file final27.cif (mmCIF, C-alpha atoms)
data_input
#
loop_
_atom_site.group_PDB
_atom_site.id
_atom_site.type_symbol
_atom_site.label_atom_id
_atom_site.label_comp_id
_atom_site.auth_asym_id
_atom_site.auth_seq_id
_atom_site.Cartn_x
_atom_site.Cartn_y
_atom_site.Cartn_z
ATOM 1 C CA MET P 1 -8.598 0.584 4.828
ATOM 2 C CA THR P 2 -10.555 -2.441 3.674
ATOM 3 C CA ASP P 3 -13.502 -0.171 2.867
ATOM 4 C CA ALA P 4 -11.203 1.950 0.673
ATOM 5 C CA LEU P 5 -10.073 -1.219 -1.134
ATOM 6 C CA LEU P 6 -13.623 -2.451 -1.685
ATOM 7 C CA ASN P 7 -15.127 0.935 -2.597
ATOM 8 C CA HIS P 8 -12.149 2.399 -4.469
ATOM 9 C CA TYR P 9 -11.231 5.594 -2.716
ATOM 10 C CA ALA P 10 -7.900 7.200 -1.840
ATOM 11 C CA LEU P 11 -6.531 7.467 1.701
ATOM 12 C CA ASP P 12 -4.510 10.198 3.391
ATOM 13 C CA VAL P 13 -1.983 8.429 5.598
ATOM 14 C CA GLU P 14 0.574 9.570 8.140
ATOM 15 C CA TYR P 15 3.310 6.942 8.055
ATOM 16 C CA ARG P 16 6.249 6.333 10.397
ATOM 17 C CA SER P 17 9.531 5.794 8.586
ATOM 18 C CA ARG P 18 11.259 2.441 9.125
ATOM 19 C CA SER P 19 14.778 3.816 9.444
ATOM 20 C CA LYS P 20 14.117 7.213 11.021
ATOM 21 C CA ASP P 21 11.825 8.378 13.763
ATOM 22 C CA GLU P 22 9.898 10.711 11.471
ATOM 23 C CA HIS P 23 6.414 10.765 10.000
ATOM 24 C CA LYS P 24 5.547 11.404 6.379
ATOM 25 C CA THR P 25 2.150 12.133 4.847
ATOM 26 C CA PHE P 26 1.025 10.411 1.651
ATOM 27 C CA THR P 27 -2.109 10.013 -0.422
ATOM 28 C CA LEU P 28 -2.387 6.287 -1.102
ATOM 29 C CA HIS P 29 -4.451 4.519 -3.745
ATOM 30 C CA PRO P 30 -4.991 1.022 -2.243
ATOM 31 C CA LEU P 31 -4.605 -2.046 -4.459
ATOM 32 C CA GLY P 32 -4.397 -4.958 -2.015
ATOM 33 C CA ILE P 33 -3.334 -6.257 1.372
ATOM 34 C CA VAL P 34 -0.759 -9.007 1.691
ATOM 35 C CA ALA P 35 1.077 -10.764 4.522
ATOM 36 C CA ARG P 36 4.734 -11.631 4.856
ATOM 37 C CA HIS P 37 5.386 -13.818 7.870
ATOM 38 C CA SER P 38 3.294 -12.118 10.580
ATOM 39 C CA VAL P 39 3.363 -8.593 9.090
ATOM 40 C CA PHE P 40 0.573 -7.199 6.917
ATOM 41 C CA TYR P 41 1.251 -4.713 4.135
ATOM 42 C CA LEU P 42 -0.938 -2.398 2.100
ATOM 43 C CA LEU P 43 -0.039 -2.387 -1.602
ATOM 44 C CA ALA P 44 -0.748 1.031 -3.064
ATOM 45 C CA THR P 45 0.351 3.700 -5.471
ATOM 46 C CA VAL P 46 1.502 6.926 -3.806
ATOM 47 C CA ASN P 47 0.416 10.472 -4.597
ATOM 48 C CA ASP P 48 0.697 10.856 -8.401
ATOM 49 C CA TYR P 49 3.235 8.061 -8.990
ATOM 50 C CA GLU P 50 2.387 4.855 -10.856
ATOM 51 C CA ASP P 51 4.735 2.357 -9.168
ATOM 52 C CA VAL P 52 3.272 0.073 -6.506
ATOM 53 C CA ARG P 53 4.784 0.237 -3.038
ATOM 54 C CA GLN P 54 4.335 -1.713 0.201
ATOM 55 C CA PHE P 55 3.316 -0.043 3.477
ATOM 56 C CA ALA P 56 3.573 -1.985 6.750
ATOM 57 C CA LEU P 57 0.247 -1.566 8.513
ATOM 58 C CA HIS P 58 1.858 -1.268 11.947
ATOM 59 C CA ARG P 59 3.703 1.883 10.790
ATOM 60 C CA ILE P 60 0.523 3.747 9.857
ATOM 61 C CA VAL P 61 0.058 6.463 12.477
ATOM 62 C CA SER P 62 -3.204 7.916 11.143
ATOM 63 C CA ILE P 63 -5.494 7.258 8.210
ATOM 64 C CA LYS P 64 -8.565 8.937 6.722
ATOM 65 C CA ALA P 65 -10.498 9.069 3.478
ATOM 66 C CA SER P 66 -8.865 11.484 1.044
ATOM 67 C CA GLU P 67 -10.538 14.193 -0.973
ATOM 68 C CA GLN P 68 -8.212 13.275 -3.854
ATOM 69 C CA PRO P 69 -9.828 11.111 -6.553
ATOM 70 C CA TYR P 70 -8.925 7.420 -6.527
ATOM 71 C CA ARG P 71 -6.522 6.324 -9.277
ATOM 72 C CA SER P 72 -7.053 2.698 -10.201
ATOM 73 C CA LYS P 73 -4.657 0.323 -11.936
ATOM 74 C CA ALA P 74 -6.984 -1.832 -14.030
ATOM 75 C CA ASP P 75 -4.184 -4.241 -14.975
ATOM 76 C CA PHE P 76 -2.971 -4.771 -11.382
ATOM 77 C CA CYS P 77 -3.045 -8.334 -10.012
ATOM 78 C CA VAL P 78 -1.757 -9.130 -6.515
ATOM 79 C CA ASP P 79 -0.554 -12.616 -7.535
ATOM 80 C CA GLN P 80 1.341 -11.272 -10.521
ATOM 81 C CA TYR P 81 2.885 -8.518 -8.396
ATOM 82 C CA ILE P 82 4.045 -11.093 -5.848
ATOM 83 C CA SER P 83 5.501 -13.468 -8.427
ATOM 84 C CA THR P 84 7.429 -10.730 -10.243
ATOM 85 C CA GLY P 85 8.494 -8.719 -7.165
ATOM 86 C CA PRO P 86 11.993 -8.454 -5.753
ATOM 87 C CA SER P 87 13.497 -11.841 -4.931
ATOM 88 C CA ALA P 88 13.795 -10.905 -1.249
ATOM 89 C CA ILE P 89 10.017 -10.592 -0.984
ATOM 90 C CA ARG P 90 8.014 -13.745 -0.340
ATOM 91 C CA TRP P 91 4.344 -13.050 0.217
ATOM 92 C CA THR P 92 1.256 -15.106 0.877
ATOM 93 C CA SER P 93 -1.319 -14.652 -1.841
ATOM 94 C CA SER P 94 -4.688 -15.444 -3.307
ATOM 95 C CA SER P 95 -5.501 -15.976 -6.965
ATOM 96 C CA CYS P 96 -6.563 -13.181 -9.342
ATOM 97 C CA ASN P 97 -9.945 -13.125 -10.984
#
call {"tool": "encode", "arguments": {"input": "final27.cif", "output": "structure tokens"}}
result
Amino acid sequence: MTDALLNHYALDVEYRSRSKDEHKTFTLHPLGIVARHSVFYLLATVNDYEDVRQFALHRIVSIKASEQPYRSKADFCVDQYISTGPSAIRWTSSSCN
């Protein structure tokens, strides 16, 4: 996962749903990793959508490099995402370059 973040490639992920005992498969385009309390989350766009979503790392069942091309978000900044996110979300952060 960190290699995908550093080297900009997409990931095929099997993810366990929070509310149901089912697995879903996504192609994720990683943008950052953040922590909330003691839980780490991958920030990523999903499949062909542009909105950024959070994926709890402990719910990832399997992960591998995707054959799909990586879609970057040049204007994405983790700090800005955190500060403008839903009020219920309080993340730890680092500054943007």
call {"tool": "residues_around", "arguments": {"input": "final27.cif", "residues": "P:Val13", "least_positions_apart": "2", "cutoff": "9 Å", "atoms": "all atoms listed in the file", "output": "number ranges by chain"}}
result
P: 11, 15, 24-28, 60-66
call {"tool": "closest_residue", "arguments": {"input": "final27.cif", "among": "P:Phe55, P:Tyr49, P:Phe40, P:Tyr70", "to": "P:Ala4", "atoms": "all atoms listed in the file"}}
result
P:Tyr70
call {"tool": "atom_distance", "arguments": {"input": "final27.cif", "atom1": "atom CA of P:Gly32", "atom2": "atom CA of P:Leu6"}}
result
9.6 Å
call {"tool": "residues_near_point", "arguments": {"input": "final27.cif", "point": "(-10.5, -0.9, -5.0)", "cutoff": "8 Å", "atoms": "only C-alpha atoms", "output": "list of chain:residue names"}}
result
P:Ala4, P:Leu5, P:Leu6, P:Asn7, P:His8, P:Tyr9, P:Pro30, P:Leu31, P:Gly32, P:Ser72
call {"tool": "residues_near_point", "arguments": {"input": "final27.cif", "point": "(12.9, -0.8, 9.0)", "cutoff": "12 Å", "atoms": "all atoms listed in the file", "output": "MDAnalysis selection string"}}
result
chainID P and resid 16:21 55:56 58:59
call {"tool": "closest_residue", "arguments": {"input": "final27.cif", "among": "P:Glu67, P:Thr2, P:Gln54, P:Gln80", "to": "P:Arg36", "atoms": "only C-alpha atoms"}}
result
P:Gln54
call {"tool": "closest_residue", "arguments": {"input": "final27.cif", "among": "P:Ile82, P:Phe76, P:Glu14, P:Arg71", "to": "P:Asp48", "atoms": "all atoms listed in the file"}}
result
P:Arg71
call {"tool": "atom_distance", "arguments": {"input": "final27.cif", "atom1": "atom CA of P:Cys77", "atom2": "atom CA of P:Tyr41"}}
result
15.2 Å
call {"tool": "axis_aligned_box", "arguments": {"input": "final27.cif", "around": "stretch 24-41 of chain P", "padding_each_side": "4 Å", "output": "AutoDock Vina command-line options"}}
result
--center_x 0.3 --center_y -0.8 --center_z 3.1 --size_x 18.5 --size_y 34.0 --size_z 23.0
call {"tool": "atom_distance", "arguments": {"input": "final27.cif", "atom1": "atom CA of P:His23", "atom2": "atom CA of P:Asp3"}}
result
23.8 Å
